[in-house]
Amino acid sequence: MNTFSFWLPTKIVFERGGLEKGLRLAAGIGHSAFIVCGKNFASGSGLLNRITRVLSETRVTWTTFAQIKPEPDIENVEEGFSLYQRSGGDMILAVGGGSALDAGKAIAVLATNGGKLRDYFGVDKFGRKPLPVVAVPTTCGTGSEVTQYAVIVDRQAETKRTISSESIIPELAILDSDLLKTLPPLLVAATAMDAFSHAVESFLAVKANWLSRSFSLASLNALLKAIPQAVTEKEREKFKEIAFYGSMMAGLALNQTGTILIHGMGYVLTIFYGLHHGTANALLMPAVLKFLKAKGLEREVNEIESLWRGEDGLRKLLREIGLPLCLREIGGKPEDISDLVRLSEICCQRAVRNMGVKPTEEDYAEIWKALL
Ligand SMILES: [Fe+2]
C-alpha cells in the first residue's frame, strides 16, 4: 500500500480560456504536427481553426486526420497511420475525448515503430520512443491526457485492448474548460461518470497506494461537487471546470493502478450494445461495487461509498443526471446474458489482474442478471 514510484512527464496547462497559451508551448516540442481528432466537433466548432492559427503563428506545420470514430478500432488507427506515412510529422496533437486522445497515442507508437498496431498491445511492447503527444481534451471524462494507456477496440478479438507505456504519456496537456461549453448535458454526465469510475476503480485496485488514493479522493470530491450541477444548473460552466479537474485527477490515480471490473465489464456493454463508455461504467458501478464488497473489499468500498451515501446515493445521482440504471433501459434482454458472460471472460482479463479478485462464470452471470 505504501509502495509507489511516481513519474509524470506531462506539463499540465489548466486554464479556462488558455487554449492558445497552451498551444504556443507545442512549438517547443515539434515543428510539424499530425493532428488527430474526430469527424465533427473540432472542425464544426471552429476549434480546429483556432488551433491551426496558433500553429501557423508559431511556425509549426500540420496535417489533419479528422476521422477518429467514437470507440476507435485498430483499422481506424491504422487508417490514420497510413495518412501519417504520407505526410510525416514530428509530434501528435490529439484533440477530443478519450477516443481521439487514445488513437493519437497509438498513432504516435506506429509513427516511429512501424508495423501493425496488434504488435504493440501490452506493456512496453515497442522498441523506439513514440512521437511526443500534445493532448487537448474536450470532455470531462477521459484522463488520457495524463496516462500511459491507449485503449483501442479489437473487433476480431471482441474486446478493447490496451497499449501501455510511460513513453506514451503526453508531454503537454492543455485543459481549457471553455472547450466543454457546447458539450451536451448527457455527454457531460456520461464522461464525468467515466472519470468517477476511474477514481473508484483505481482506489480499489491492487496497485493502489497512498499517492494514488490521494488522487482518487481528490477526484471524487471534485466530481461529487460538480455532478449533477455541471449537467443541470444554469451556471454549469463553473461546475464543468471542477469536473474537468476531477477527471484529470482521476487520470493521475489511474496512471498508477489501471482499472478493474467496472471498466472490464463496461467494455462488454460497449462492444455488445454500442453503449457509450462512460454510460456503461455508470450503469455497472452499483452492482460491481456490491460484488466487490462481498469478495473481501468491504472496508475499501465502504470508505469511498461514504462519500456518496452508499448504493442508494449512487443510484439517485445517476437518475438525477439522466443515465440508465438497468440493461432493459438500453434494450438488454434476458437471452443476452449468456453472450454477456462469454464476453466478460474475454474483456475482463486485464481487470482481473488489476484487482486481485477473480470472478467465476456464475459471478458474471449474477452481476448481469442483477442489472436486468
Ligand atoms: Fe474510462
# chains A, B, ... in the order shown; residues from 1 in each chain; ligands from 1
$ residues_near_ligand --ligand "ligand 1" --cutoff "8 Å" --atoms "only C-alpha atoms and all ligand atoms" --output "list in words"
Gly98, Gly141, Thr142, Asp194, Ala195, Ser197, His198, His263, His277, Gly278 and Asn281 of chain A
$ write_last_selection --atoms "C-alpha atoms" --output "PDB file, in the first residue's frame"
ATOM      1  CA  GLY A  98     -10.720   9.687 -24.929  1.00  0.00           C
ATOM      2  CA  GLY A 141     -14.011  12.115 -18.514  1.00  0.00           C
ATOM      3  CA  THR A 142     -11.009  10.599 -20.159  1.00  0.00           C
ATOM      4  CA  ASP A 194     -16.248   7.668 -16.630  1.00  0.00           C
ATOM      5  CA  ALA A 195     -13.855   9.832 -14.612  1.00  0.00           C
ATOM      6  CA  SER A 197     -15.280   5.275 -12.324  1.00  0.00           C
ATOM      7  CA  HIS A 198     -11.533   5.767 -12.914  1.00  0.00           C
ATOM      8  CA  HIS A 263     -14.205  -0.973 -16.993  1.00  0.00           C
ATOM      9  CA  HIS A 277     -18.097   4.077 -22.448  1.00  0.00           C
ATOM     10  CA  GLY A 278     -18.953   6.348 -19.510  1.00  0.00           C
ATOM     11  CA  ASN A 281     -19.384   2.248 -16.419  1.00  0.00           C
TER      12      ASN A 281
END
$ select_by_dssp --residues "region 77-197 of chain A" --states "strand (DSSP E)" --output "PyMOL selection string"
chain A and resi 91-96+122-123+133-137+149-154+159-164+172-175
$ write_last_selection --atoms "N, CA and C atoms" --output "PDB file, in the first residue's frame"
ATOM      1  N   MET A  91       5.365  15.488 -34.165  1.00  0.00           N
ATOM      2  CA  MET A  91       4.594  15.369 -32.910  1.00  0.00           C
ATOM      3  C   MET A  91       3.131  15.101 -33.253  1.00  0.00           C
ATOM      4  N   ILE A  92       2.430  14.483 -32.280  1.00  0.00           N
ATOM      5  CA  ILE A  92       0.998  14.227 -32.442  1.00  0.00           C
ATOM      6  C   ILE A  92       0.252  15.265 -31.609  1.00  0.00           C
ATOM      7  N   LEU A  93      -0.748  15.883 -32.226  1.00  0.00           N
ATOM      8  CA  LEU A  93      -1.609  16.813 -31.490  1.00  0.00           C
ATOM      9  C   LEU A  93      -2.997  16.180 -31.471  1.00  0.00           C
ATOM     10  N   ALA A  94      -3.348  15.581 -30.338  1.00  0.00           N
ATOM     11  CA  ALA A  94      -4.609  14.836 -30.241  1.00  0.00           C
ATOM     12  C   ALA A  94      -5.661  15.715 -29.567  1.00  0.00           C
ATOM     13  N   VAL A  95      -6.791  15.898 -30.251  1.00  0.00           N
ATOM     14  CA  VAL A  95      -7.821  16.821 -29.789  1.00  0.00           C
ATOM     15  C   VAL A  95      -9.161  16.100 -29.712  1.00  0.00           C
ATOM     16  N   GLY A  96      -9.781  16.051 -28.539  1.00  0.00           N
ATOM     17  CA  GLY A  96     -11.099  15.434 -28.447  1.00  0.00           C
ATOM     18  C   GLY A  96     -11.303  14.711 -27.137  1.00  0.00           C
ATOM     19  N   GLY A 122      -0.219  -4.444 -24.847  1.00  0.00           N
ATOM     20  CA  GLY A 122       0.522  -4.983 -23.704  1.00  0.00           C
ATOM     21  C   GLY A 122       1.390  -3.873 -23.132  1.00  0.00           C
ATOM     22  N   VAL A 123       2.330  -4.254 -22.292  1.00  0.00           N
ATOM     23  CA  VAL A 123       3.172  -3.265 -21.613  1.00  0.00           C
ATOM     24  C   VAL A 123       4.531  -3.168 -22.307  1.00  0.00           C
ATOM     25  N   VAL A 133       3.392  13.492 -27.674  1.00  0.00           N
ATOM     26  CA  VAL A 133       1.956  13.751 -27.836  1.00  0.00           C
ATOM     27  C   VAL A 133       1.560  15.004 -27.063  1.00  0.00           C
ATOM     28  N   VAL A 134       0.819  15.875 -27.737  1.00  0.00           N
ATOM     29  CA  VAL A 134       0.183  17.014 -27.071  1.00  0.00           C
ATOM     30  C   VAL A 134      -1.310  16.675 -27.014  1.00  0.00           C
ATOM     31  N   ALA A 135      -1.889  16.722 -25.819  1.00  0.00           N
ATOM     32  CA  ALA A 135      -3.292  16.316 -25.673  1.00  0.00           C
ATOM     33  C   ALA A 135      -4.168  17.507 -25.316  1.00  0.00           C
ATOM     34  N   VAL A 136      -5.250  17.655 -26.074  1.00  0.00           N
ATOM     35  CA  VAL A 136      -6.232  18.713 -25.789  1.00  0.00           C
ATOM     36  C   VAL A 136      -7.586  18.035 -25.560  1.00  0.00           C
ATOM     37  N   PRO A 137      -7.901  17.675 -24.304  1.00  0.00           N
ATOM     38  CA  PRO A 137      -9.171  17.000 -24.059  1.00  0.00           C
ATOM     39  C   PRO A 137     -10.366  17.954 -24.198  1.00  0.00           C
ATOM     40  N   TYR A 149      -1.861   5.002 -21.034  1.00  0.00           N
ATOM     41  CA  TYR A 149      -2.672   3.995 -21.727  1.00  0.00           C
ATOM     42  C   TYR A 149      -3.288   4.529 -23.019  1.00  0.00           C
ATOM     43  N   ALA A 150      -3.399   3.644 -23.993  1.00  0.00           N
ATOM     44  CA  ALA A 150      -4.209   3.906 -25.179  1.00  0.00           C
ATOM     45  C   ALA A 150      -5.083   2.675 -25.360  1.00  0.00           C
ATOM     46  N   VAL A 151      -6.404   2.868 -25.254  1.00  0.00           N
ATOM     47  CA  VAL A 151      -7.335   1.730 -25.315  1.00  0.00           C
ATOM     48  C   VAL A 151      -8.021   1.732 -26.682  1.00  0.00           C
ATOM     49  N   ILE A 152      -7.879   0.630 -27.402  1.00  0.00           N
ATOM     50  CA  ILE A 152      -8.367   0.547 -28.781  1.00  0.00           C
ATOM     51  C   ILE A 152      -9.202  -0.737 -28.933  1.00  0.00           C
ATOM     52  N   VAL A 153     -10.283  -0.648 -29.727  1.00  0.00           N
ATOM     53  CA  VAL A 153     -11.153  -1.815 -29.924  1.00  0.00           C
ATOM     54  C   VAL A 153     -10.501  -2.784 -30.913  1.00  0.00           C
ATOM     55  N   ASP A 154     -10.468  -4.064 -30.526  1.00  0.00           N
ATOM     56  CA  ASP A 154     -10.025  -5.131 -31.424  1.00  0.00           C
ATOM     57  C   ASP A 154     -11.278  -5.939 -31.763  1.00  0.00           C
ATOM     58  N   THR A 159     -12.931  -7.433 -28.043  1.00  0.00           N
ATOM     59  CA  THR A 159     -12.609  -6.764 -26.784  1.00  0.00           C
ATOM     60  C   THR A 159     -11.894  -5.445 -27.071  1.00  0.00           C
ATOM     61  N   LYS A 160     -11.694  -4.664 -26.009  1.00  0.00           N
ATOM     62  CA  LYS A 160     -10.833  -3.491 -26.130  1.00  0.00           C
ATOM     63  C   LYS A 160      -9.467  -3.914 -25.621  1.00  0.00           C
ATOM     64  N   ARG A 161      -8.412  -3.435 -26.266  1.00  0.00           N
ATOM     65  CA  ARG A 161      -7.058  -3.809 -25.834  1.00  0.00           C
ATOM     66  C   ARG A 161      -6.252  -2.547 -25.545  1.00  0.00           C
ATOM     67  N   THR A 162      -5.232  -2.713 -24.717  1.00  0.00           N
ATOM     68  CA  THR A 162      -4.513  -1.538 -24.220  1.00  0.00           C
ATOM     69  C   THR A 162      -3.043  -1.567 -24.601  1.00  0.00           C
ATOM     70  N   ILE A 163      -2.575  -0.438 -25.107  1.00  0.00           N
ATOM     71  CA  ILE A 163      -1.141  -0.210 -25.247  1.00  0.00           C
ATOM     72  C   ILE A 163      -0.748   0.545 -23.997  1.00  0.00           C
ATOM     73  N   SER A 164       0.250   0.057 -23.296  1.00  0.00           N
ATOM     74  CA  SER A 164       0.626   0.693 -22.040  1.00  0.00           C
ATOM     75  C   SER A 164       2.128   0.925 -22.005  1.00  0.00           C
ATOM     76  N   LEU A 172       2.508  17.312 -23.161  1.00  0.00           N
ATOM     77  CA  LEU A 172       1.794  18.547 -22.828  1.00  0.00           C
ATOM     78  C   LEU A 172       0.291  18.246 -22.814  1.00  0.00           C
ATOM     79  N   ALA A 173      -0.383  18.678 -21.758  1.00  0.00           N
ATOM     80  CA  ALA A 173      -1.853  18.526 -21.687  1.00  0.00           C
ATOM     81  C   ALA A 173      -2.447  19.914 -21.496  1.00  0.00           C
ATOM     82  N   ILE A 174      -3.349  20.282 -22.405  1.00  0.00           N
ATOM     83  CA  ILE A 174      -3.958  21.614 -22.328  1.00  0.00           C
ATOM     84  C   ILE A 174      -5.425  21.435 -21.944  1.00  0.00           C
ATOM     85  N   LEU A 175      -5.754  21.842 -20.717  1.00  0.00           N
ATOM     86  CA  LEU A 175      -7.132  21.684 -20.240  1.00  0.00           C
ATOM     87  C   LEU A 175      -7.784  23.060 -20.132  1.00  0.00           C
TER      88      LEU A 175
END
$ residues_around --residues "region 11-24 of chain A" --least-positions-apart "5" --cutoff "9 Å" --atoms "only C-alpha atoms" --output "count of residues only"
22
$ atom_distance --atom1 "CA of Glu303 (chain A)" --atom2 "CA of Ala222 (chain A)"
16.5 Å
$ atom_distance --atom1 "CA of Trp308 (chain A)" --atom2 "CA of Phe244 (chain A)"
19.2 Å
$ closest_residue --among "A:Ala365, A:Val60, A:Leu284, A:Val301" --to "Ser344 (chain A)" --atoms "only C-alpha atoms"
A:Ala365
$ select_by_dssp --residues "region 54-250 of chain A" --states "alpha helix (DSSP H)" --output "PyMOL selection string"
chain A and resi 54-57+74-87+98-113+185-204+210-226+229-232+236-250
$ residues_around --residues "Gln229 (chain A)" --least-positions-apart "3" --cutoff "12 Å" --atoms "only C-alpha atoms" --output "list in words"
Pro185, Val188, Ala189, Ala192, Ala222, Leu223, Leu224, Lys225, Ala226, Thr232, Glu233, Lys234, Glu235, Arg236, Glu237, Lys238, Phe239, Lys240, Glu241, Ile242, Ala243, Leu317, Glu320 and Ile321 of chain A
$ write_last_selection --atoms "C-alpha atoms" --output "PDB file, in the first residue's frame"
ATOM      1  CA  PRO A 185     -25.601  17.597 -20.828  1.00  0.00           C
ATOM      2  CA  VAL A 188     -21.157  15.768 -19.570  1.00  0.00           C
ATOM      3  CA  ALA A 189     -22.934  13.225 -17.359  1.00  0.00           C
ATOM      4  CA  ALA A 192     -17.898  12.676 -15.805  1.00  0.00           C
ATOM      5  CA  ALA A 222     -14.357  17.360  -7.080  1.00  0.00           C
ATOM      6  CA  LEU A 223     -16.676  15.195  -9.181  1.00  0.00           C
ATOM      7  CA  LEU A 224     -19.279  14.853  -6.436  1.00  0.00           C
ATOM      8  CA  LYS A 225     -19.275  18.612  -6.039  1.00  0.00           C
ATOM      9  CA  ALA A 226     -19.573  19.160  -9.781  1.00  0.00           C
ATOM     10  CA  THR A 232     -28.379  20.592 -14.890  1.00  0.00           C
ATOM     11  CA  GLU A 233     -27.605  24.019 -13.440  1.00  0.00           C
ATOM     12  CA  LYS A 234     -27.743  27.293 -15.374  1.00  0.00           C
ATOM     13  CA  GLU A 235     -24.319  28.214 -14.025  1.00  0.00           C
ATOM     14  CA  ARG A 236     -22.927  24.951 -15.247  1.00  0.00           C
ATOM     15  CA  GLU A 237     -19.672  26.260 -16.770  1.00  0.00           C
ATOM     16  CA  LYS A 238     -18.178  26.704 -13.300  1.00  0.00           C
ATOM     17  CA  PHE A 239     -19.076  23.132 -12.390  1.00  0.00           C
ATOM     18  CA  LYS A 240     -17.778  21.738 -15.675  1.00  0.00           C
ATOM     19  CA  GLU A 241     -14.413  23.241 -14.808  1.00  0.00           C
ATOM     20  CA  ILE A 242     -14.479  21.394 -11.461  1.00  0.00           C
ATOM     21  CA  ALA A 243     -15.468  18.171 -13.248  1.00  0.00           C
ATOM     22  CA  LEU A 317     -27.165  10.549  -8.561  1.00  0.00           C
ATOM     23  CA  GLU A 320     -30.686  12.737 -11.484  1.00  0.00           C
ATOM     24  CA  ILE A 321     -28.208  13.146 -14.331  1.00  0.00           C
TER      25      ILE A 321
END
$ atom_distance --atom1 "CA of Cys37 (chain A)" --atom2 "CA of Ile68 (chain A)"
5.8 Å
$ closest_residue --among "A:Leu8, A:Leu48, A:Leu292, A:Arg155" --to "Ile74 (chain A)" --atoms "only C-alpha atoms"
A:Arg155
$ closest_residue --among "A:Gly89, A:Phe81, A:Pro334, A:Lys39" --to "Thr63 (chain A)" --atoms "only C-alpha atoms"
A:Gly89
$ closest_residue --among "A:Ala157, A:Ala33, A:Thr138, A:Glu311" --to "Ser247 (chain A)" --atoms "only C-alpha atoms"
A:Thr138
$ closest_residue --among "A:Lys316, A:Arg53, A:Arg309, A:Arg59" --to "Pro228 (chain A)" --atoms "only C-alpha atoms"
A:Lys316
